[in-house]
Amino acid sequence: MERSRLTGLSKKMSLALRHDPGTFGLTLEEGGWVEVPSFLEALGLERDVFDTIVATSDKQRFAVRAGPDGVERVRANQGHSVAVDLGLEPATPPGTLFHGTGAAVLPAIRAEGLIRGRRHHVHLSPDRETARRVGARRPGTVALLEIDAAGMARDGHTFYRSANDVWLTDAVPPAYLREA
């Protein structure tokens, strides 16, 4: 299957698991999980296509596991705009984290810091390369920001680490940001 089709289906999966499960007739269970058979039926996906998307997602957006009843379930690792508790525990971040975005939004970020918008958290990357790749999804020139995560943690800000190594926090005030 061609890469652009897989990307489109991955975006559809993200929409169903992160933002609008009701449109697909789905209800997220505790932790954001959905039974894989129901998910495949709701999205009209074949199992092999689903497995390919989960395995090849560049950011490992999805997790699959067997539920207590033995039925496999899928969820998005983070990025939800719908209410869901992913059960993440607070974690000590590395000293520096990164955030990639479009240069056009830098004036707002300088003034307000990084805010979560409709999502549950601000997403941060552990390295420049990942942040640059994330920022490249935005139109225009990529801006790379360096976050003083150690300073934030020392000052009482809470961080979480998702299963795919994305660091999450409620907000990043401007004092902890600098352009990288």
# chains A, B, ... in the order shown; residues from 1 in each chain; ligands from 1
$ residues_around --residues "region 53-55 of chain A" --least-positions-apart "5" --cutoff "10 Å" --atoms "only C-alpha atoms" --output "tab-separated table (two decimals) with C-alpha atoms, in the first residue's frame"
chain	number	residue	atom	x	y	z
A	3	ARG	CA	2.72	5.65	1.89
A	6	LEU	CA	-1.21	4.78	5.00
A	7	THR	CA	-0.64	8.34	6.25
A	9	LEU	CA	-5.49	6.12	7.38
A	10	SER	CA	-3.17	6.89	10.31
A	13	MET	CA	-7.12	6.44	13.33
A	47	ARG	CA	-6.18	-6.11	10.09
A	48	ASP	CA	-3.00	-6.22	8.01
A	60	GLN	CA	4.68	5.32	17.40
A	61	ARG	CA	1.34	7.07	17.96
A	62	PHE	CA	-0.57	3.90	18.84
A	63	ALA	CA	-0.32	1.20	21.47
A	64	VAL	CA	-1.90	-2.26	21.25
A	74	VAL	CA	-5.72	-0.02	20.80
$ select_by_dssp --residues "region 36-172 of chain A" --states "strand (DSSP E or B)" --output "compact mmCIF listing (two decimals) with C-alpha atoms, in the first residue's frame"
# COMPACT_ATOMS: atom_id res chain seq x y z
CA PHE A 62 -0.57 3.90 18.84
CA ALA A 63 -0.32 1.20 21.47
CA VAL A 64 -1.90 -2.26 21.25
CA ARG A 65 -2.30 -4.66 24.16
CA ALA A 66 -4.49 -7.52 25.29
CA GLU A 72 -6.77 -6.82 21.96
CA ARG A 73 -7.24 -3.10 22.44
CA VAL A 74 -5.72 -0.02 20.80
CA ARG A 75 -5.22 3.56 21.99
CA ALA A 76 -3.36 6.69 21.03
CA PRO A 90 4.92 11.98 36.89
CA THR A 96 16.67 19.97 28.20
CA LEU A 97 13.70 19.15 25.98
CA PHE A 98 12.77 20.52 22.55
CA HIS A 99 9.69 21.70 20.69
CA GLY A 100 9.39 22.17 16.96
CA THR A 101 6.82 24.53 15.47
CA GLY A 102 6.28 27.00 12.66
CA LEU A 114 3.79 27.00 24.98
CA ILE A 115 0.16 26.28 25.79
CA VAL A 122 2.12 20.43 25.60
CA HIS A 123 4.20 17.87 23.69
CA LEU A 124 7.98 18.02 23.96
CA SER A 125 10.69 15.99 22.25
CA VAL A 142 10.59 25.38 11.15
CA ALA A 143 11.41 27.00 14.49
CA LEU A 144 13.15 24.92 17.12
CA LEU A 145 12.74 25.77 20.80
CA GLU A 146 14.88 24.56 23.67
CA ILE A 147 13.09 24.06 27.01
CA ASP A 148 14.81 24.27 30.40
CA TYR A 160 4.95 12.89 32.15
CA ARG A 161 6.60 10.56 29.64
CA TRP A 167 7.35 14.38 27.17
CA LEU A 168 4.16 16.06 28.34
CA THR A 169 3.51 19.03 30.62
CA ALA A 171 2.41 24.53 29.79
CA VAL A 172 5.87 25.97 29.26
$ closest_residue --among "A:Arg18, A:Lys11, A:His157, A:His121" --to "Pro93 (chain A)" --atoms "only C-alpha atoms"
A:His157
$ select_by_dssp --residues "region 12-176 of chain A" --states "helix (DSSP H, G or I)" --output "ChimeraX atom specification"
/A:12-19,21-24,30-32,36-43,47-56,103-112,128-135,149-154,174-176
$ atom_distance --atom1 "CA of Leu26 (chain A)" --atom2 "CA of Glu89 (chain A)"
26.4 Å
$ closest_residue --among "A:Asp69, A:Glu129, A:Glu30, A:Glu112" --to "Asp85 (chain A)" --atoms "only C-alpha atoms"
A:Glu30
$ closest_residue --among "A:Ala83, A:Ala131, A:Leu45, A:Ala153" --to "Leu17 (chain A)" --atoms "only C-alpha atoms"
A:Ala83
$ closest_residue --among "A:Lys12, A:Thr52, A:Gly67, A:Ala149" --to "Val36 (chain A)" --atoms "only C-alpha atoms"
A:Gly67
$ closest_residue --among "A:Ser57, A:Ala42, A:Ala91, A:Gly8" --to "Gly22 (chain A)" --atoms "only C-alpha atoms"
A:Ala42
$ atom_distance --atom1 "CA of Gly117 (chain A)" --atom2 "CA of Ala104 (chain A)"
16.6 Å
$ atom_distance --atom1 "CA of Arg118 (chain A)" --atom2 "CA of Leu106 (chain A)"
18.7 Å
$ closest_residue --among "A:Lys59, A:Arg5, A:His19, A:Arg110" --to "Thr130 (chain A)" --atoms "only C-alpha atoms"
A:Lys59
$ decode --residues "region 29-64 of chain A" --atoms "N, CA and C atoms" --output "compact mmCIF listing (two decimals), in the first residue's frame"
# COMPACT_ATOMS: atom_id res chain seq x y z
N GLU A 29 -12.78 3.35 26.29
CA GLU A 29 -12.80 2.75 27.61
C GLU A 29 -11.82 3.51 28.50
N GLU A 30 -11.77 3.15 29.77
CA GLU A 30 -10.80 3.74 30.69
C GLU A 30 -9.41 3.67 30.08
N GLY A 31 -8.68 4.76 30.16
CA GLY A 31 -7.33 4.81 29.61
C GLY A 31 -7.30 5.08 28.11
N GLY A 32 -8.45 5.29 27.50
CA GLY A 32 -8.51 5.59 26.07
C GLY A 32 -8.49 4.38 25.15
N TRP A 33 -8.69 3.20 25.71
CA TRP A 33 -8.62 1.96 24.93
C TRP A 33 -9.92 1.67 24.20
N VAL A 34 -9.80 1.00 23.03
CA VAL A 34 -10.92 0.53 22.23
C VAL A 34 -10.58 -0.88 21.75
N GLU A 35 -11.55 -1.77 21.79
CA GLU A 35 -11.33 -3.13 21.29
C GLU A 35 -10.95 -3.07 19.81
N VAL A 36 -9.88 -3.77 19.45
CA VAL A 36 -9.40 -3.75 18.07
C VAL A 36 -10.47 -4.22 17.08
N PRO A 37 -11.18 -5.33 17.32
CA PRO A 37 -12.19 -5.75 16.34
C PRO A 37 -13.25 -4.65 16.08
N SER A 38 -13.70 -3.99 17.13
CA SER A 38 -14.69 -2.92 16.97
C SER A 38 -14.08 -1.74 16.22
N PHE A 39 -12.84 -1.44 16.54
CA PHE A 39 -12.14 -0.33 15.90
C PHE A 39 -11.98 -0.58 14.40
N LEU A 40 -11.55 -1.79 14.04
CA LEU A 40 -11.37 -2.13 12.64
C LEU A 40 -12.69 -2.02 11.87
N GLU A 41 -13.74 -2.51 12.48
CA GLU A 41 -15.06 -2.45 11.84
C GLU A 41 -15.52 -1.00 11.69
N ALA A 42 -15.37 -0.20 12.73
CA ALA A 42 -15.83 1.19 12.70
C ALA A 42 -15.10 2.01 11.65
N LEU A 43 -13.82 1.73 11.45
CA LEU A 43 -13.03 2.49 10.49
C LEU A 43 -12.93 1.82 9.12
N GLY A 44 -13.46 0.62 9.00
CA GLY A 44 -13.41 -0.11 7.74
C GLY A 44 -11.99 -0.50 7.35
N LEU A 45 -11.19 -0.88 8.36
CA LEU A 45 -9.79 -1.25 8.13
C LEU A 45 -9.62 -2.76 8.13
N GLU A 46 -8.73 -3.21 7.28
CA GLU A 46 -8.31 -4.61 7.32
C GLU A 46 -7.23 -4.75 8.39
N ARG A 47 -7.13 -5.92 9.00
CA ARG A 47 -6.18 -6.11 10.09
C ARG A 47 -4.73 -5.90 9.64
N ASP A 48 -4.39 -6.37 8.45
CA ASP A 48 -3.00 -6.22 8.01
C ASP A 48 -2.63 -4.76 7.79
N VAL A 49 -3.57 -3.95 7.32
CA VAL A 49 -3.31 -2.52 7.13
C VAL A 49 -3.14 -1.85 8.50
N PHE A 50 -4.02 -2.19 9.43
CA PHE A 50 -3.93 -1.68 10.79
C PHE A 50 -2.57 -2.01 11.40
N ASP A 51 -2.15 -3.27 11.29
CA ASP A 51 -0.87 -3.70 11.85
C ASP A 51 0.30 -2.93 11.22
N THR A 52 0.22 -2.69 9.92
CA THR A 52 1.27 -1.93 9.23
C THR A 52 1.34 -0.51 9.75
N ILE A 53 0.20 0.12 9.92
CA ILE A 53 0.16 1.50 10.41
C ILE A 53 0.73 1.58 11.83
N VAL A 54 0.31 0.68 12.69
CA VAL A 54 0.79 0.68 14.08
C VAL A 54 2.30 0.45 14.11
N ALA A 55 2.79 -0.47 13.30
CA ALA A 55 4.22 -0.83 13.32
C ALA A 55 5.10 0.24 12.68
N THR A 56 4.58 0.96 11.69
CA THR A 56 5.44 1.89 10.93
C THR A 56 5.19 3.35 11.26
N SER A 57 4.31 3.65 12.18
CA SER A 57 4.06 5.05 12.56
C SER A 57 5.37 5.67 13.01
N ASP A 58 5.79 6.75 12.35
CA ASP A 58 7.09 7.34 12.64
C ASP A 58 7.21 7.81 14.09
N LYS A 59 6.11 8.13 14.71
CA LYS A 59 6.16 8.58 16.10
C LYS A 59 5.56 7.55 17.06
N GLN A 60 5.28 6.37 16.57
CA GLN A 60 4.68 5.32 17.40
C GLN A 60 3.48 5.88 18.15
N ARG A 61 2.51 6.40 17.39
CA ARG A 61 1.34 7.07 17.96
C ARG A 61 0.40 6.12 18.70
N PHE A 62 0.43 4.84 18.35
CA PHE A 62 -0.57 3.90 18.84
C PHE A 62 0.05 2.79 19.68
N ALA A 63 -0.72 2.34 20.66
CA ALA A 63 -0.32 1.20 21.47
C ALA A 63 -1.40 0.13 21.34
N VAL A 64 -0.98 -1.12 21.32
CA VAL A 64 -1.90 -2.26 21.25
C VAL A 64 -1.53 -3.20 22.38
